[in-house]
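Novice: Data: target_35.cif, mmCIF, C-alpha atoms and all ligand atoms.
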```cif
data_coords
loop_
_atom_site.label_atom_id
_atom_site.label_comp_id
_atom_site.auth_asym_id
_atom_site.auth_seq_id
_atom_site.Cartn_x
_atom_site.Cartn_y
_atom_site.Cartn_z
CA MET A 63 48.52 40.91 12.95
CA LYS A 64 48.90 42.07 9.37
CA ALA A 65 48.04 39.19 7.09
CA PRO A 66 51.06 37.66 5.33
CA GLN A 67 50.95 37.71 1.53
CA ARG A 68 50.24 33.99 1.19
CA LEU A 69 47.07 34.26 3.29
CA ARG A 70 45.58 37.29 1.48
CA SER A 71 43.63 35.34 -1.13
CA LEU A 72 42.01 33.25 1.60
CA LEU A 73 40.97 36.44 3.40
CA GLU A 74 39.64 37.96 0.18
CA GLU A 75 37.66 34.86 -0.65
CA GLY A 76 36.26 34.61 2.85
CA PHE A 77 37.86 31.30 3.89
CA ILE A 78 39.36 33.10 6.88
CA ASP A 79 38.34 36.32 8.65
CA ALA A 80 41.54 37.32 10.43
CA VAL A 81 45.09 36.19 11.09
CA VAL A 82 45.72 36.09 14.84
CA ARG A 83 49.40 35.20 15.08
CA GLN A 84 52.17 33.09 13.70
CA LEU A 85 52.47 29.82 15.59
CA MET A 86 55.59 28.28 14.10
CA SER A 87 57.93 28.41 11.21
CA GLY A 88 58.99 24.88 10.47
CA LYS A 89 61.30 23.46 7.85
CA GLU A 90 58.54 23.06 5.32
CA ALA A 91 55.75 25.35 6.31
CA MET A 92 54.68 28.40 8.28
CA VAL A 93 51.82 27.79 10.67
CA TYR A 94 49.34 30.52 11.71
CA VAL A 95 46.44 30.79 14.10
CA VAL A 96 43.46 32.25 12.20
CA ARG A 97 39.85 33.16 12.89
CA CYS A 98 37.03 31.71 10.79
CA GLY A 99 33.71 33.15 11.98
CA ASP A 100 33.70 32.45 15.68
CA GLU A 101 36.14 29.55 15.41
CA THR A 102 39.89 29.56 15.83
CA ARG A 103 41.71 27.43 13.30
CA CYS A 104 45.18 26.62 12.09
CA ALA A 105 46.55 27.60 8.66
CA LYS A 106 49.59 25.73 7.35
CA VAL A 107 51.29 27.60 4.52
CA TYR A 108 53.64 25.35 2.54
CA LYS A 109 56.96 26.80 1.56
CA GLU A 110 57.94 26.75 -2.10
CA ALA A 111 59.86 23.70 -3.23
CA THR A 112 63.11 25.64 -3.39
CA GLN A 113 62.89 26.46 0.30
CA ARG A 114 62.28 22.89 1.30
CA SER A 115 64.36 19.89 0.58
CA PHE A 116 64.98 16.76 2.45
CA ARG A 117 61.69 14.92 2.56
CA GLN A 118 61.15 14.77 -1.18
CA ALA A 119 63.57 11.89 -1.33
CA VAL A 120 62.60 9.02 -3.58
CA ASP A 121 61.46 7.01 -0.55
CA TYR A 122 58.44 9.16 -0.15
CA THR A 123 57.48 10.13 -3.66
CA GLU A 124 57.79 6.62 -5.01
CA ASN A 125 54.42 5.56 -6.29
CA ARG A 126 52.65 8.72 -5.20
CA LYS A 127 49.47 8.72 -7.19
CA VAL A 128 49.31 11.19 -10.05
CA LYS A 129 46.24 11.93 -12.10
CA ASN A 130 47.45 10.85 -15.52
CA THR A 131 50.36 9.53 -17.48
CA ARG A 132 51.21 12.91 -19.02
CA GLN A 133 51.73 14.17 -15.48
CA ALA A 134 53.76 11.10 -14.57
CA ARG A 135 56.00 11.46 -17.64
CA ALA A 136 56.50 15.17 -17.02
CA MET A 137 57.38 14.52 -13.39
CA ALA A 138 59.90 11.90 -14.42
CA LYS A 139 61.48 14.26 -16.95
CA GLY A 140 61.56 17.20 -14.56
CA THR A 141 59.96 19.70 -16.96
CA ARG A 142 58.37 22.84 -15.54
CA PHE A 143 54.91 21.29 -15.90
CA GLY A 144 56.38 18.24 -14.18
CA ARG A 145 57.82 20.24 -11.30
CA GLU A 146 54.51 22.03 -10.83
CA ALA A 147 52.64 18.73 -10.84
CA GLN A 148 55.09 17.32 -8.31
CA GLU A 149 54.70 20.40 -6.14
CA ALA A 150 50.90 20.16 -6.23
CA ALA A 151 51.05 16.43 -5.47
CA TRP A 152 53.33 17.10 -2.49
CA GLN A 153 51.12 19.82 -1.06
CA SER A 154 47.83 18.02 -1.50
CA ALA A 155 49.27 14.78 -0.09
CA GLU A 156 48.79 16.08 3.44
CA VAL A 157 45.15 17.06 3.04
CA ASP A 158 44.45 13.73 1.31
CA ALA A 159 46.08 11.83 4.17
CA LEU A 160 44.17 13.83 6.80
CA HIS A 161 40.83 13.01 5.16
CA ARG A 162 41.73 9.35 4.81
CA LEU A 163 42.91 9.05 8.40
CA ALA A 164 40.04 11.00 9.94
CA ALA A 165 37.67 8.65 8.09
CA ALA A 166 39.57 5.67 9.53
CA GLY A 167 39.11 7.00 13.06
CA VAL A 168 42.69 8.19 13.61
CA ARG A 169 42.97 11.28 15.84
CA VAL A 170 44.42 13.87 13.44
CA PRO A 171 43.54 17.57 13.06
CA LYS A 172 40.22 17.84 11.26
CA PRO A 173 40.89 19.26 7.76
CA PHE A 174 38.57 22.05 6.55
CA ASN A 175 40.02 23.31 3.33
CA PHE A 176 43.01 23.26 1.01
CA HIS A 177 43.34 26.42 -1.05
CA ASP A 178 46.25 28.11 -2.84
CA GLY A 179 48.85 26.00 -1.07
CA VAL A 180 47.32 26.62 2.36
CA LEU A 181 45.82 23.90 4.53
CA LEU A 182 43.08 25.06 6.90
CA MET A 183 42.58 22.65 9.78
CA GLU A 184 41.49 22.30 13.36
CA LEU A 185 43.80 24.03 15.86
CA VAL A 186 44.82 21.29 18.29
CA VAL A 187 44.57 22.70 21.82
CA ASP A 188 45.49 21.76 25.38
CA ALA A 189 43.17 21.81 28.40
CA ASP A 190 43.38 25.63 28.58
CA GLY A 191 42.47 26.13 24.93
CA ALA A 192 46.04 27.17 24.01
CA ALA A 193 47.86 25.61 21.05
CA ALA A 194 48.89 22.13 22.20
CA PRO A 195 52.58 21.41 22.94
CA ARG A 196 54.62 18.88 21.01
CA LEU A 197 55.43 15.67 22.90
CA ASN A 198 59.04 16.78 22.85
CA ASP A 199 58.10 19.82 24.97
CA VAL A 200 56.39 17.96 27.83
CA THR A 201 57.73 15.96 30.75
CA LEU A 202 56.02 12.61 31.18
CA THR A 203 55.70 10.22 34.10
CA ALA A 204 56.46 6.56 33.34
CA GLU A 205 52.75 5.82 33.60
CA ALA A 206 51.76 8.57 31.16
CA ALA A 207 54.54 7.49 28.77
CA ARG A 208 53.24 3.91 28.73
CA ALA A 209 49.65 5.07 28.22
CA HIS A 210 50.51 7.45 25.33
CA HIS A 211 52.78 4.82 23.77
CA ALA A 212 49.93 2.30 23.80
CA THR A 213 47.52 4.86 22.32
CA LEU A 214 49.95 5.73 19.54
CA ILE A 215 50.73 2.09 18.68
CA GLY A 216 46.96 1.75 18.24
CA GLU A 217 46.94 4.81 15.97
CA VAL A 218 49.82 3.44 13.87
CA VAL A 219 47.86 0.19 13.44
CA ARG A 220 44.69 2.07 12.47
CA MET A 221 46.69 4.13 9.96
CA LEU A 222 48.19 1.02 8.43
CA CYS A 223 44.75 -0.60 8.24
CA ALA A 224 43.82 2.47 6.14
CA GLY A 225 46.92 1.88 3.99
CA VAL A 226 48.92 4.84 5.31
CA ILE A 227 52.36 5.07 6.93
CA HIS A 228 53.29 8.43 8.46
CA GLY A 229 56.93 8.25 7.42
CA ASP A 230 58.20 10.93 9.80
CA LEU A 231 56.56 10.03 13.10
CA SER A 232 58.38 11.31 16.17
CA GLU A 233 57.95 13.42 19.31
CA PHE A 234 58.19 16.49 17.04
CA ASN A 235 55.15 15.56 14.96
CA ILE A 236 52.80 14.55 17.75
CA LEU A 237 50.90 17.14 19.80
CA LEU A 238 49.60 16.49 23.28
CA ALA A 239 46.01 17.72 23.24
CA ALA A 240 43.51 17.84 26.08
CA ASP A 241 42.12 14.51 24.79
CA GLY A 242 45.48 12.80 24.25
CA PRO A 243 48.13 12.58 21.52
CA VAL A 244 47.34 13.92 18.03
CA ILE A 245 49.47 13.00 15.03
CA ILE A 246 50.32 15.88 12.68
CA ASP A 247 52.56 16.75 9.73
CA LEU A 248 51.70 14.27 6.99
CA PRO A 249 52.85 15.60 3.59
CA GLN A 250 55.31 12.72 3.31
CA ALA A 251 52.76 10.06 4.25
CA VAL A 252 53.36 6.87 2.33
CA ASP A 253 51.02 4.45 0.61
CA ALA A 254 51.77 1.18 2.39
CA ALA A 255 50.80 -1.06 -0.49
CA GLY A 256 52.74 0.58 -3.29
CA ASN A 257 56.09 1.49 -1.80
CA ASN A 258 59.15 -0.72 -1.54
CA HIS A 259 60.38 1.17 1.51
CA ALA A 260 57.09 0.82 3.39
CA ALA A 261 58.29 -1.85 5.82
CA ARG A 262 61.40 0.08 6.72
CA MET A 263 59.47 3.33 7.26
CA LEU A 264 56.80 1.68 9.40
CA VAL A 265 59.44 0.08 11.60
CA ARG A 266 61.34 3.37 11.85
CA ASP A 267 58.18 5.26 12.90
CA VAL A 268 57.43 2.70 15.62
CA ASP A 269 61.07 2.62 16.77
CA ASN A 270 60.95 6.42 17.18
CA LEU A 271 58.01 6.02 19.55
CA ARG A 272 59.85 3.34 21.53
CA ARG A 273 63.00 5.45 21.83
CA PHE A 274 61.10 8.57 22.94
CA PHE A 275 58.71 6.96 25.44
CA GLY A 276 61.45 4.55 26.56
CA ARG A 277 63.25 7.49 28.18
CA ALA A 278 60.42 7.89 30.69
CA ALA A 279 59.41 4.22 30.78
CA PRO A 280 62.51 2.05 30.16
CA SER A 281 60.49 -1.19 30.04
CA LEU A 282 59.27 -0.06 26.61
CA LEU A 283 62.82 -0.33 25.26
CA GLU A 284 62.43 -4.12 25.25
CA THR A 285 59.44 -4.05 22.90
CA ASP A 286 59.38 -4.61 19.15
CA TYR A 287 55.95 -3.63 17.91
CA GLY A 288 57.09 -2.40 14.50
CA LYS A 289 58.12 -5.76 13.05
CA GLU A 290 55.15 -7.47 14.69
CA ILE A 291 52.70 -4.99 13.11
CA TRP A 292 54.35 -5.28 9.70
CA ALA A 293 54.33 -9.08 9.78
CA LEU A 294 50.59 -9.04 10.53
CA TYR A 295 49.94 -6.49 7.79
CA GLU A 296 51.83 -8.52 5.21
CA THR A 297 49.96 -11.71 6.00
CA GLY A 298 46.58 -9.98 5.95
CA GLY A 299 46.08 -10.42 9.70
CA LEU A 300 46.13 -6.78 10.77
CA THR A 301 42.91 -5.34 12.16
CA ALA A 302 42.36 -2.28 14.34
CA ASP A 303 41.78 -4.40 17.43
CA VAL A 304 44.24 -7.25 16.86
CA PRO A 305 46.00 -8.07 20.16
CA LEU A 306 49.73 -7.28 20.02
CA THR A 307 52.46 -8.72 22.22
CA GLY A 308 55.25 -6.20 21.61
CA ARG A 309 57.48 -9.16 20.86
CA PHE A 310 58.60 -10.40 17.51
CA GLU A 311 60.26 -13.67 16.80
CA GLN A 312 61.44 -14.61 13.39
CA ASP A 313 59.66 -17.81 12.43
CA GLU A 314 62.55 -20.24 12.71
CA ARG A 315 60.67 -23.51 13.09
CA VAL A 316 62.41 -26.25 11.17
CA VAL A 317 60.44 -27.24 8.14
CA ASP A 318 58.93 -30.69 8.63
CA LEU A 319 60.70 -32.31 5.69
CA GLU A 320 58.96 -35.64 6.03
CA ALA A 321 55.53 -34.04 5.82
CA VAL A 322 56.57 -32.15 2.70
CA MET A 323 57.81 -35.38 1.08
CA ARG A 324 54.52 -37.11 1.95
CA GLU A 325 52.59 -34.30 0.26
CA ILE A 326 54.71 -34.62 -2.88
CA ASP A 327 54.25 -38.39 -2.94
CA ASP A 328 50.51 -38.02 -2.54
CA ALA A 329 50.35 -35.57 -5.43
CA ARG A 330 52.43 -37.90 -7.61
CA LEU A 331 50.24 -40.90 -6.81
CA GLU A 332 47.09 -38.94 -7.51
CA ASP A 333 48.46 -37.82 -10.84
CA GLU A 334 49.40 -41.37 -11.77
CA ALA A 335 45.92 -42.60 -10.89
CA ARG A 336 44.37 -39.87 -13.02
CA ARG A 337 46.52 -40.84 -16.00
CA MET A 338 45.62 -44.52 -15.62
CA ARG A 339 41.94 -43.62 -15.56
CA LEU A 340 42.33 -41.56 -18.74
CA GLN A 341 44.20 -44.47 -20.42
CA ALA A 342 41.44 -46.87 -19.44
CA LEU A 343 38.87 -44.57 -21.08
CA ALA A 344 40.83 -44.26 -24.32
N1 LIG A 401 46.71 21.58 13.71
C1 LIG A 401 47.61 22.14 14.54
N2 LIG A 401 47.26 22.57 15.76
C2 LIG A 401 48.16 23.13 16.59
N3 LIG A 401 49.45 23.32 16.29
C3 LIG A 401 49.89 22.91 15.07
C4 LIG A 401 49.00 22.29 14.14
N4 LIG A 401 49.70 21.98 13.03
C5 LIG A 401 50.96 22.38 13.26
N5 LIG A 401 51.10 22.95 14.48
C6 LIG A 401 52.33 23.51 15.06
O1 LIG A 401 53.21 23.91 14.03
C7 LIG A 401 54.41 23.16 14.05
C8 LIG A 401 54.87 22.85 12.63
O2 LIG A 401 53.90 22.07 11.98
P1 LIG A 401 54.31 20.86 11.04
O3 LIG A 401 55.14 19.89 11.80
O4 LIG A 401 53.07 20.36 10.41
O5 LIG A 401 55.17 21.61 9.92
P2 LIG A 401 56.68 21.44 9.45
O6 LIG A 401 57.01 22.54 8.53
O7 LIG A 401 56.90 20.07 8.97
O8 LIG A 401 57.48 21.65 10.77
P3 LIG A 401 58.81 20.93 11.21
O9 LIG A 401 59.79 21.13 10.13
O10 LIG A 401 59.12 21.64 12.48
O11 LIG A 401 58.45 19.48 11.40
C9 LIG A 401 54.10 21.94 14.88
O12 LIG A 401 55.23 21.45 15.56
C10 LIG A 401 53.06 22.45 15.87
O13 LIG A 401 53.69 23.07 16.97
MG MG A 402 56.79 18.79 11.70
#
```
Could you write out this structure as C-alpha cells?
Ligand SMILES: Nc1ncnc2c1ncn2[C@@H]1O[C@H](COP(=O)(O)OP(=O)(O)OP(=O)(O)O)[C@@H](O)[C@H]1O
Ligand SMILES: [Mg+2]
Specialist:
Amino acid sequence: MKAPQRLRSLLEEGFIDAVVRQLMSGKEAMVYVVRCGDETRCAKVYKEATQRSFRQAVDYTENRKVKNTRQARAMAKGTRFGREAQEAAWQSAEVDALHRLAAAGVRVPKPFNFHDGVLLMELVVDADGAAAPRLNDVTLTAEAARAHHATLIGEVVRMLCAGVIHGDLSEFNILLAADGPVIIDLPQAVDAAGNNHAARMLVRDVDNLRRFFGRAAPSLLETDYGKEIWALYETGGLTADVPLTGRFEQDERVVDLEAVMREIDDARLEDEARRMRLQALA
C-alpha cells in the first residue's frame, strides 16, 4: 500500500522498508503491518492529542515521571511547551513500559524502536502466522478460559513485581497468540508505587479478567485475586511465584487487648528501671 504520511520519515530513514497494510484504527492509534528487511513487524502510530481523549485523565498521568522541574511546571500550567512535553511523555510511556515488562519476563510485544511518534514492535501472530485475534474475538472452552485466566493472573503479578499496573486491561487489549495470551496497549500504564489510584486500577484490571473468563468458566466468578494481590504487594510479600488462593478475607481478627496491655506495661516497667539506674549513677 502507499505509505501514510506519518510513516514516511521511518521509510526514508530506513527503519522500515515497506508498509503492507493497515491492521486497525483504534481510539488512540493507527496500527500497520510493515516490513523490516525480511521481518514483518507492527507499527503503532499515535494520534495527535486532539484526536484522543479519555485516557489522559488524572488517574493515569498522576506522578508520571518527567525529566525536569521546568517540564513539570510547564505541564501543570498547560503552556505549549507543557502540552508538547505531556504529549511526548504519553507517547513514550508505552515503549518504556514494554521495555520494563519484557525485562521482567512478561509476555508483551517485543519493542524495536520508537521514532517520530511511531512505535515499532513485534507483530503478535497466531498459529498460521496471521495477526493474532483479540481475546474478545475468540470463543473459549471452560478449560481454555481457566488456563488463560491463570496465565494472565501470573502476568499481572509479574507486572506488579516490576512496579507496573496496566490500567486498561481487558479482552480488548489482550491478543491470543500461538504461544498464549499477550498483553498489549500500554500507554496508560501506571507506576504502582507513586499513584494514589493504583490499588483501584489493579483491582479493576483483575476484575475485568474475572468477568470476561467467568463467562466461559463461571467458577471463576467466585474468585477475588485482585484484592489478594494488592494486599500482598502492599505488605511486601508479592513475588512472581507466590501461591495465590483467589480468596480474600479482610483481616477481622479481634485485637488481643490483653497482650497489648502487657506490652505497654512491660515498656513502662523497663523505662522505670532505666530511670532508677540513671538516678543511682548520679
Ligand atoms: N503488536 C501487535 N501485534 C498484532 N496486532 C496488534 C499489535 N498491537 C496492536 N495490534 C492490533 O491493533 C489493535 C489496536 O491496538 P491498541 O489496542 O494498542 O491501540 P488503541 O488505539 O488503544 O486501540 P483501541 O482504542 O481499540 O484499544 C489491537 O486491538 C490489535 O488488534
Ligand atoms: Mg487497545
Novice: Report, in Å to a single decimal, how far apart atom CA of A:Val252 and atom N3 of ligand LIG 401 (chain A) are.
Specialist: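 Those two atoms sit 21.9 Å apart.
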Novice: Excluding A:Gln67 and residues on its chain fewer than 6 positions from it, collect all residues at most 12 Å away from it, counting only C-alpha atoms, and give them as a list in words.
Specialist: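 These residues fall inside the cut-off: Leu73, Glu74, Val81, Val107, Asp178 and Val180 of chain A.
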Novice: Report, in Å with one decimal, the straight-line distance from atom CA of A:Gln341 to atom CA of A:Glu325.
Specialist: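 Between atom CA of A:Gln341 and atom CA of A:Glu325 the gap is 24.5 Å.
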Novice: Quick one, how far is atom CA of A:Leu237 from atom CA of A:Arg169?
Specialist: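 Straight-line distance from atom CA of A:Leu237 to atom CA of A:Arg169 works out to 10.6 Å.
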Novice: With distances taken over only C-alpha atoms and all ligand atoms, which of A:Ala189, A:Leu343, A:Ile246, A:Val226 is nearest to ligand MG 402 (chain A)?
Specialist: A:Ile246
Novice: Give me, as CSV, the closest atom pair and its distance (Å, one decimal) for every residue of chain A within a cut-off of 9 Å of ligand LIG 401 (chain A), counting all atoms listed in the file, rows sorted by chain and rising number.
Specialist:
```
residue,atom,partner,partner_atom,distance
A:Leu85,CA,A:LIG401,O1,6.2
A:Met86,CA,A:LIG401,O1,5.0
A:Ser87,CA,A:LIG401,C8,6.5
A:Gly88,CA,A:LIG401,O8,3.6
A:Lys89,CA,A:LIG401,O9,3.6
A:Glu90,CA,A:LIG401,O6,3.6
A:Ala91,CA,A:LIG401,O6,3.8
A:Met92,CA,A:LIG401,O6,6.3
A:Val93,CA,A:LIG401,O1,5.3
A:Tyr94,CA,A:LIG401,O1,8.0
A:Val95,CA,A:LIG401,C2,8.2
A:Arg103,CA,A:LIG401,N1,7.7
A:Cys104,CA,A:LIG401,N1,5.5
A:Ala105,CA,A:LIG401,N4,7.8
A:Lys106,CA,A:LIG401,N4,6.8
A:Val107,CA,A:LIG401,O6,8.6
A:Tyr108,CA,A:LIG401,O6,7.4
A:Lys109,CA,A:LIG401,O6,8.2
A:Arg114,CA,A:LIG401,O6,9.0
A:Val170,CA,A:LIG401,N1,8.0
A:Pro171,CA,A:LIG401,N1,5.2
A:Lys172,CA,A:LIG401,N1,7.9
A:Pro173,CA,A:LIG401,N1,8.6
A:Leu182,CA,A:LIG401,N1,8.5
A:Met183,CA,A:LIG401,N1,5.8
A:Glu184,CA,A:LIG401,N1,5.3
A:Leu185,CA,A:LIG401,N2,3.8
A:Val186,CA,A:LIG401,N2,3.7
A:Val187,CA,A:LIG401,C2,6.4
A:Ala192,CA,A:LIG401,C2,8.7
A:Ala193,CA,A:LIG401,C2,5.1
A:Ala194,CA,A:LIG401,C2,5.7
A:Pro195,CA,A:LIG401,O13,6.3
A:Arg196,CA,A:LIG401,O13,5.9
A:Asp230,CA,A:LIG401,O11,8.7
A:Phe234,CA,A:LIG401,O12,6.0
A:Asn235,CA,A:LIG401,O3,5.4
A:Ile236,CA,A:LIG401,O12,7.6
A:Leu237,CA,A:LIG401,C10,7.0
A:Ala239,CA,A:LIG401,C2,8.8
A:Val244,CA,A:LIG401,N1,8.8
A:Ile246,CA,A:LIG401,O4,5.7
A:Asp247,CA,A:LIG401,O4,3.7
A:Leu248,CA,A:LIG401,O4,7.1
A:Pro249,CA,A:LIG401,O7,8.1
```
Novice: For a cut-off of 10 Å around (54.9, -2.2, 22.8), file coordinates, pick out all residues using all atoms listed in the file and list them as a PyMOL selection string.
Specialist: chain A and resi 208+211-212+214-216+268-269+271-272+281-288+290+306-309
Novice: Which is closest to A:Gly276 among A:Ala155, A:Ala164, A:Ala80, A:Ala207, if we use all atoms listed in the file?
Specialist: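 Result for the nearest residue to A:Gly276: A:Ala207.
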Novice: For A:Val219, find every residue with an atom within 12 Å (counting only C-alpha atoms), except residues of its own chain fewer than 6 positions away, and show them as a tab-separated table (two decimals) with C-alpha atoms, keeping the file's coordinate frame.
Specialist:
```
chain	number	residue	atom	x	y	z
A	163	LEU	CA	42.91	9.05	8.40
A	166	ALA	CA	39.57	5.67	9.53
A	167	GLY	CA	39.11	7.00	13.06
A	168	VAL	CA	42.69	8.19	13.61
A	212	ALA	CA	49.93	2.30	23.80
A	213	THR	CA	47.52	4.86	22.32
A	225	GLY	CA	46.92	1.88	3.99
A	226	VAL	CA	48.92	4.84	5.31
A	227	ILE	CA	52.36	5.07	6.93
A	228	HIS	CA	53.29	8.43	8.46
A	254	ALA	CA	51.77	1.18	2.39
A	264	LEU	CA	56.80	1.68	9.40
A	265	VAL	CA	59.44	0.08	11.60
A	267	ASP	CA	58.18	5.26	12.90
A	268	VAL	CA	57.43	2.70	15.62
A	287	TYR	CA	55.95	-3.63	17.91
A	288	GLY	CA	57.09	-2.40	14.50
A	289	LYS	CA	58.12	-5.76	13.05
A	290	GLU	CA	55.15	-7.47	14.69
A	291	ILE	CA	52.70	-4.99	13.11
A	292	TRP	CA	54.35	-5.28	9.70
A	293	ALA	CA	54.33	-9.08	9.78
A	294	LEU	CA	50.59	-9.04	10.53
A	295	TYR	CA	49.94	-6.49	7.79
A	299	GLY	CA	46.08	-10.42	9.70
A	300	LEU	CA	46.13	-6.78	10.77
A	301	THR	CA	42.91	-5.34	12.16
A	302	ALA	CA	42.36	-2.28	14.34
A	303	ASP	CA	41.78	-4.40	17.43
A	304	VAL	CA	44.24	-7.25	16.86
A	305	PRO	CA	46.00	-8.07	20.16
A	306	LEU	CA	49.73	-7.28	20.02
```
Novice: Using all atoms listed in the file, pick whichever of A:Leu231, A:Cys98, A:Leu69, A:Ala255 has the shortest atom-to-atom distance to A:Arg273.
Specialist: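 Under the stated criterion, the closest residue is A:Leu231.
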Novice: Would you please work out which residue, of A:Cys223, A:Leu238, A:Ala278, A:Ala344, is nearest to A:Glu296 when using only C-alpha atoms?
Specialist: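 Closest candidate: A:Cys223.
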Novice: Could you check which of A:Ala321, A:Val218, A:Ala279, A:Leu197 is closest to ligand MG 402 (chain A), using all atoms listed in the file?
Specialist: A:Leu197
Novice: Would you mind telling me which residue in A:Pro280, A:Gly256, A:Gly242, A:Gly229 lies nearest to ligand MG 402 (chain A) when using all atoms listed in the file?
Specialist: A:Gly229
